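**Q** If it helps, the file is called final36.txt and holds compact mmCIF, C-alpha atoms:
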```txt
# COMPACT_ATOMS: atom_id res chain seq x y z
CA GLN A 15 -242.30 -62.74 -56.39
CA LYS A 16 -239.27 -63.65 -54.29
CA GLU A 17 -238.16 -61.04 -51.79
CA VAL A 18 -234.56 -61.10 -53.03
CA GLU A 19 -233.83 -62.32 -56.54
CA GLN A 20 -230.53 -63.29 -58.12
CA ASN A 21 -229.71 -65.02 -61.36
CA SER A 22 -228.54 -68.49 -60.36
CA GLY A 23 -225.87 -68.59 -63.08
CA PRO A 24 -223.36 -69.93 -63.55
CA LEU A 25 -221.72 -66.70 -64.62
CA SER A 26 -218.48 -67.50 -66.40
CA VAL A 27 -215.80 -64.86 -66.88
CA PRO A 28 -212.17 -65.12 -67.98
CA GLU A 29 -209.38 -64.40 -65.54
CA GLY A 30 -208.67 -60.68 -65.33
CA ALA A 31 -212.16 -59.63 -66.47
CA ILE A 32 -214.81 -57.77 -64.50
CA ALA A 33 -217.54 -59.96 -63.00
CA SER A 34 -220.90 -58.25 -62.51
CA LEU A 35 -223.39 -59.80 -60.11
CA ASN A 36 -226.90 -58.44 -59.74
CA CYS A 37 -229.65 -58.56 -57.18
CA THR A 38 -233.14 -57.09 -56.98
CA TYR A 39 -235.34 -56.84 -53.91
CA SER A 40 -239.01 -56.22 -53.32
CA ASP A 41 -239.20 -54.46 -49.91
CA ARG A 42 -239.01 -50.72 -50.56
CA VAL A 43 -238.13 -49.92 -46.94
CA SER A 44 -234.99 -52.06 -47.03
CA GLN A 45 -232.10 -50.25 -45.39
CA SER A 46 -229.07 -52.54 -45.32
CA PHE A 47 -227.56 -54.59 -48.11
CA PHE A 48 -224.87 -57.23 -48.01
CA TRP A 49 -222.88 -59.46 -50.29
CA TYR A 50 -221.56 -62.78 -49.05
CA ARG A 51 -219.19 -65.19 -50.74
CA GLN A 52 -219.67 -68.90 -50.15
CA TYR A 53 -217.18 -71.49 -51.33
CA SER A 54 -218.50 -74.98 -51.90
CA GLY A 55 -218.99 -76.76 -48.57
CA LYS A 56 -218.09 -73.67 -46.55
CA SER A 57 -220.01 -71.03 -44.65
CA PRO A 58 -221.00 -67.64 -46.09
CA GLU A 59 -218.40 -64.92 -45.60
CA LEU A 60 -219.38 -61.25 -45.52
CA ILE A 61 -217.43 -59.34 -48.18
CA MET A 62 -219.36 -56.09 -48.65
CA SER A 63 -222.04 -54.06 -46.95
CA ILE A 64 -223.73 -50.94 -48.30
CA TYR A 65 -226.33 -48.71 -46.73
CA SER A 66 -226.78 -45.67 -48.99
CA ASN A 67 -227.23 -45.06 -52.70
CA GLY A 68 -224.12 -45.04 -54.84
CA ASP A 69 -220.92 -47.01 -54.99
CA LYS A 70 -218.75 -48.44 -52.25
CA GLU A 71 -215.32 -49.76 -53.10
CA ASP A 72 -213.15 -52.18 -51.14
CA GLY A 73 -210.10 -53.46 -52.96
CA ARG A 74 -211.22 -55.31 -56.09
CA PHE A 75 -214.86 -55.25 -54.98
CA THR A 76 -217.40 -52.50 -55.66
CA ALA A 77 -220.95 -52.61 -54.38
CA GLN A 78 -223.54 -50.45 -56.10
CA LEU A 79 -226.93 -49.54 -54.65
CA ASN A 80 -229.91 -47.93 -56.33
CA LYS A 81 -232.84 -47.82 -53.92
CA ALA A 82 -235.19 -46.20 -56.43
CA SER A 83 -234.75 -49.17 -58.75
CA GLN A 84 -234.49 -51.64 -55.83
CA TYR A 85 -231.27 -52.96 -57.25
CA VAL A 86 -227.90 -53.80 -55.76
CA SER A 87 -224.89 -55.14 -57.60
CA LEU A 88 -221.38 -56.38 -56.94
CA LEU A 89 -218.50 -55.80 -59.34
CA ILE A 90 -215.33 -57.83 -59.03
CA ARG A 91 -212.42 -56.34 -60.94
CA ASP A 92 -209.46 -58.37 -62.16
CA SER A 93 -211.32 -61.61 -61.44
CA GLN A 94 -209.18 -64.49 -60.21
CA PRO A 95 -209.87 -68.25 -60.21
CA SER A 96 -209.99 -67.97 -56.40
CA ASP A 97 -213.09 -65.77 -56.81
CA SER A 98 -215.01 -68.79 -58.11
CA ALA A 99 -217.78 -69.27 -55.56
CA THR A 100 -221.47 -68.63 -54.96
CA TYR A 101 -222.28 -65.01 -54.17
CA LEU A 102 -225.26 -64.36 -51.93
CA CYS A 103 -227.11 -61.06 -51.81
CA ALA A 104 -228.81 -60.27 -48.47
CA VAL A 105 -231.22 -57.44 -47.77
CA TYR A 106 -232.43 -56.14 -44.41
CA GLY A 107 -235.87 -54.50 -44.25
CA ASN A 108 -237.54 -55.70 -41.08
CA LYS A 109 -235.62 -58.96 -41.34
CA LEU A 110 -232.56 -60.22 -43.17
CA VAL A 111 -233.49 -62.08 -46.36
CA PHE A 112 -231.01 -63.91 -48.56
CA GLY A 113 -231.18 -64.50 -52.25
CA ALA A 114 -230.50 -68.01 -53.54
CA GLY A 115 -227.10 -66.96 -54.88
CA THR A 116 -225.23 -66.64 -58.17
CA ILE A 117 -222.52 -69.13 -59.05
CA LEU A 118 -219.42 -67.40 -60.43
CA ARG A 119 -216.78 -69.29 -62.36
CA VAL A 120 -213.55 -67.57 -63.27
CA LYS A 121 -211.65 -69.41 -66.00
CA SER A 122 -207.86 -69.24 -66.14
CA GLU B 3 -209.81 -65.10 -32.92
CA ALA B 4 -213.33 -63.71 -33.36
CA GLN B 5 -215.57 -66.56 -34.37
CA VAL B 6 -218.83 -68.44 -34.20
CA THR B 7 -218.33 -72.05 -33.20
CA GLN B 8 -220.83 -74.76 -34.03
CA ASN B 9 -220.78 -78.38 -33.02
CA PRO B 10 -220.96 -80.99 -34.32
CA ARG B 11 -219.86 -80.43 -37.94
CA TYR B 12 -221.53 -83.61 -39.13
CA LEU B 13 -224.36 -85.58 -37.56
CA ILE B 14 -226.33 -88.60 -38.70
CA THR B 15 -229.27 -89.50 -36.53
CA VAL B 16 -232.49 -91.49 -36.63
CA THR B 17 -236.02 -90.17 -36.81
CA GLY B 18 -237.36 -89.10 -33.43
CA LYS B 19 -234.10 -89.03 -31.50
CA LYS B 20 -233.71 -85.65 -29.82
CA LEU B 21 -230.57 -83.72 -30.68
CA THR B 22 -228.94 -80.39 -29.91
CA VAL B 23 -226.59 -78.40 -32.12
CA THR B 24 -224.50 -76.00 -30.09
CA CYS B 25 -223.48 -72.49 -31.14
CA SER B 26 -221.18 -70.11 -29.31
CA GLN B 27 -219.76 -66.71 -30.28
CA ASN B 28 -216.90 -64.82 -28.65
CA MET B 29 -217.61 -61.35 -30.08
CA ASN B 30 -220.18 -60.18 -27.50
CA HIS B 31 -222.78 -59.89 -30.26
CA GLU B 32 -226.37 -59.10 -29.31
CA TYR B 33 -228.00 -60.82 -32.27
CA MET B 34 -227.83 -64.48 -33.10
CA SER B 35 -229.68 -66.53 -35.65
CA TRP B 36 -230.06 -70.03 -37.04
CA TYR B 37 -230.39 -70.73 -40.75
CA ARG B 38 -230.85 -73.83 -42.81
CA GLN B 39 -229.55 -74.05 -46.35
CA ASP B 40 -231.11 -76.35 -48.92
CA PRO B 41 -230.32 -76.62 -52.65
CA GLY B 42 -232.46 -74.24 -54.68
CA LEU B 43 -234.00 -72.68 -51.57
CA GLY B 44 -231.06 -70.71 -50.25
CA LEU B 45 -230.66 -69.67 -46.64
CA ARG B 46 -233.84 -69.64 -44.61
CA GLN B 47 -234.05 -68.31 -41.08
CA ILE B 48 -235.27 -70.73 -38.42
CA TYR B 49 -235.08 -68.66 -35.22
CA TYR B 50 -233.33 -65.54 -34.09
CA SER B 51 -232.49 -63.86 -30.80
CA MET B 52 -232.03 -60.17 -30.07
CA ASN B 53 -230.65 -60.67 -26.58
CA VAL B 54 -230.58 -63.00 -23.60
CA GLU B 55 -234.00 -64.59 -23.06
CA VAL B 56 -235.38 -62.87 -26.20
CA THR B 57 -236.05 -65.20 -29.11
CA ASP B 58 -238.47 -65.18 -32.03
CA LYS B 59 -239.49 -67.34 -34.95
CA GLY B 60 -238.01 -66.94 -38.37
CA ASP B 61 -239.44 -68.23 -41.62
CA VAL B 62 -239.23 -71.99 -40.97
CA PRO B 63 -239.48 -72.58 -37.19
CA GLU B 64 -241.61 -75.75 -37.20
CA GLY B 65 -239.87 -78.67 -35.53
CA TYR B 66 -237.16 -76.57 -33.89
CA LYS B 67 -236.57 -74.96 -30.52
CA VAL B 68 -233.94 -72.53 -29.30
CA SER B 69 -232.87 -70.93 -26.05
CA ARG B 70 -230.67 -67.96 -25.15
CA LYS B 71 -229.74 -68.24 -21.50
CA GLU B 72 -226.33 -66.64 -21.98
CA LYS B 73 -225.29 -63.99 -24.46
CA ARG B 74 -222.63 -66.15 -26.10
CA ASN B 75 -224.65 -69.37 -26.58
CA PHE B 76 -227.62 -70.11 -28.82
CA PRO B 77 -228.30 -73.85 -29.13
CA LEU B 78 -230.69 -75.33 -31.69
CA ILE B 79 -232.84 -78.21 -30.46
CA LEU B 80 -234.64 -80.76 -32.60
CA GLU B 81 -236.88 -82.63 -30.19
CA SER B 82 -238.16 -85.20 -32.71
CA PRO B 83 -236.12 -84.94 -35.91
CA SER B 84 -237.68 -86.02 -39.19
CA PRO B 85 -236.07 -86.72 -42.59
CA ASN B 86 -237.27 -83.35 -43.97
CA GLN B 87 -234.94 -81.69 -41.47
CA THR B 88 -231.95 -83.13 -43.27
CA SER B 89 -230.07 -79.98 -44.22
CA LEU B 90 -227.00 -77.80 -43.74
CA TYR B 91 -227.42 -75.60 -40.66
CA PHE B 92 -225.62 -72.36 -39.90
CA CYS B 93 -225.50 -70.32 -36.75
CA ALA B 94 -224.68 -66.63 -37.17
CA SER B 95 -224.20 -63.55 -35.01
CA SER B 96 -224.19 -59.79 -35.51
CA PRO B 97 -223.46 -56.78 -33.28
CA ILE B 98 -226.46 -54.82 -34.52
CA LEU B 99 -229.93 -55.70 -35.77
CA ALA B 100 -229.38 -54.53 -39.34
CA GLY B 101 -225.77 -55.57 -39.53
CA GLY B 102 -223.98 -58.27 -41.44
CA TYR B 103 -223.76 -61.66 -39.82
CA THR B 104 -220.67 -63.72 -39.04
CA PHE B 105 -221.45 -67.36 -39.74
CA GLY B 106 -220.30 -70.52 -38.03
CA SER B 107 -218.74 -73.35 -40.02
CA GLY B 108 -222.01 -75.20 -40.40
CA THR B 109 -223.54 -78.49 -39.29
CA ARG B 110 -224.52 -81.03 -41.89
CA LEU B 111 -227.41 -83.01 -40.42
CA THR B 112 -228.81 -86.20 -41.90
CA VAL B 113 -231.96 -87.72 -40.42
CA VAL B 114 -232.69 -91.30 -41.52
```
Here is a file; write its structure as structure tokens.

**A**
Amino acid sequence: QKEVEQNSGPLSVPEGAIASLNCTYSDRVSQSFFWYRQYSGKSPELIMSIYSNGDKEDGRFTAQLNKASQYVSLLIRDSQPSDSATYLCAVYGNKLVFGAGTILRVKS
Amino acid sequence: EAQVTQNPRYLITVTGKKLTVTCSQNMNHEYMSWYRQDPGLGLRQIYYSMNVEVTDKGDVPEGYKVSRKEKRNFPLILESPSPNQTSLYFCASSPILAGGYTFGSGTRLTVV
């Protein structure tokens, strides 16, 4: 079992819809959770961090964490074509581990 | 501007020829790390450093060396590169151990 698992996608959503990206992790003592956005050929960019159970909102982005289920998600409201990218989930337990990423395509 | 600077951006080299990829950050971050990114495998940590003169192996350290003589710099050294080290490399830094990293622009290395 991979330490951090994401569906590779691609996840296709129409412009203006909500995109839902999911991530599960195996280390129960994980304490910090991050979402990165990576455009093709570019470096990962940190867009959200979450440390406690519940929701955290930042503009059109909402991160959701459920430690009991070992599950973290990212919702993107009002998706735009510029949101098309690979989204990486990263989890810190005793080290930072990245998932392989989910490709998101927003169709105009 | 707060940033992590890597050089070079692109590098083609031959097997066995020693090379160094430089990394510098201007944010006074304690933690620095090197990752390689390969299709289907995601980002894998090569080495990390928690402070000056403190470095440790990540998940894929074989064939690589690092040093941290100054807080801002964390070079990656390939003493005898091989074709299986062809990859996209990222340097990253963070202010705290469990914090999110800021990544450099990446170095695309090809070893022939």

**Q** Quick one: pull the distance between atom CA of Asn86 of chain B and atom CA of Asn9 of chain B, Å, one decimal.

**A**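 Separation of atom CA of Asn86 of chain B and atom CA of Asn9 of chain B: 20.4 Å.
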
**Q** Taking all atoms listed in the file into account, name the residue in A:Asn80, A:Trp49, A:Lys121, A:Tyr39 that is nearest to Ser63 of chain A.

**A** A:Trp49

**Q** Compute the chain A side of the contact with chain B at 10 Å, counting only C-alpha atoms, and hand it back as a PyMOL selection string.

**A** chain A and resi 22+44-50+55-63+65+102+104-115

**Q** Using all atoms listed in the file, which of the listed residues (B:Ser89, B:Val56, B:Val114, B:Ser95) sits closest to Gln27 of chain B?

**A** B:Ser95

**Q** To one decimal place, how far is atom CA of Tyr33 of chain B from atom CA of Gln8 of chain B in Å?

**A**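 It comes out at 15.8 Å.
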
**Q** Env of Ser26 of chain A: 8 Å cut, atoms = all atoms listed in the file, seq-sep filter 6 positions within chain, self excluded. Answer as a list of chain:residue names.

**A**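 Contacts, in chain order: A:Leu118, A:Arg119, A:Val120, A:Lys121.
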
**Q** Find the distance between atom CA of Leu89 of chain A and atom CA of Pro97 of chain B and write it in Å to one decimal.

**A**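 Computing the Euclidean distance for atom CA of Leu89 of chain A and atom CA of Pro97 of chain B yields 26.5 Å.
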
**Q** Do a neighbour search on Ala31 of chain A at 9 Å with all atoms listed in the file, toss out local chain neighbours closer than 6 positions, and write the hits as JSON, numbers by chain.

**A** {"A": [90, 91, 92, 93, 94, 120]}

**Q** Please save C-alpha atoms of the selected residues as a compact mmCIF listing (two decimals), keeping the file's coordinate frame.

**A**
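Now in part-v3.txt:
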```
# COMPACT_ATOMS: atom_id res chain seq x y z
CA ILE A 90 -215.33 -57.83 -59.03
CA ARG A 91 -212.42 -56.34 -60.94
CA ASP A 92 -209.46 -58.37 -62.16
CA SER A 93 -211.32 -61.61 -61.44
CA GLN A 94 -209.18 -64.49 -60.21
CA VAL A 120 -213.55 -67.57 -63.27
```

**Q** Just want the 9 Å neighbourhood of Ile48 of chain B, counted on only C-alpha atoms, with same-chain residues fewer than 3 positions away dropped. Output as a ChimeraX atom specification.

**A** /B:35-38,59-64,66

**Q** Write out as an mmCIF file with C-alpha atoms, keeping the file's coordinate frame the residues lying within 6 Å of Leu88 of chain A, counting only C-alpha atoms and excluding same-chain residues fewer than 6 positions away.

**A**
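File selection.cif, as written:
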```cif
data_model
loop_
_atom_site.group_PDB
_atom_site.id
_atom_site.type_symbol
_atom_site.label_atom_id
_atom_site.label_comp_id
_atom_site.auth_asym_id
_atom_site.auth_seq_id
_atom_site.Cartn_x
_atom_site.Cartn_y
_atom_site.Cartn_z
ATOM 1 C CA SER A 34 -220.900 -58.250 -62.510
ATOM 2 C CA LEU A 35 -223.390 -59.800 -60.110
ATOM 3 C CA THR A 76 -217.400 -52.500 -55.660
ATOM 4 C CA ALA A 77 -220.950 -52.610 -54.380
#
```

**Q** Restricting the calculation to only C-alpha atoms, which member of B:Ile14, B:Leu21, B:Val54, B:Met29 is positioned closest to Thr88 of chain B?

**A** B:Ile14

**Q** Find the spatial neighbours of Ser40 of chain A, counting all atoms listed in the file, within a cut-off of 8 Å - ignore same-chain residues fewer than 4 positions away - and output them as a list in words.

**A** Gln15, Lys16, Glu17, Val18 and Gln84 of chain A
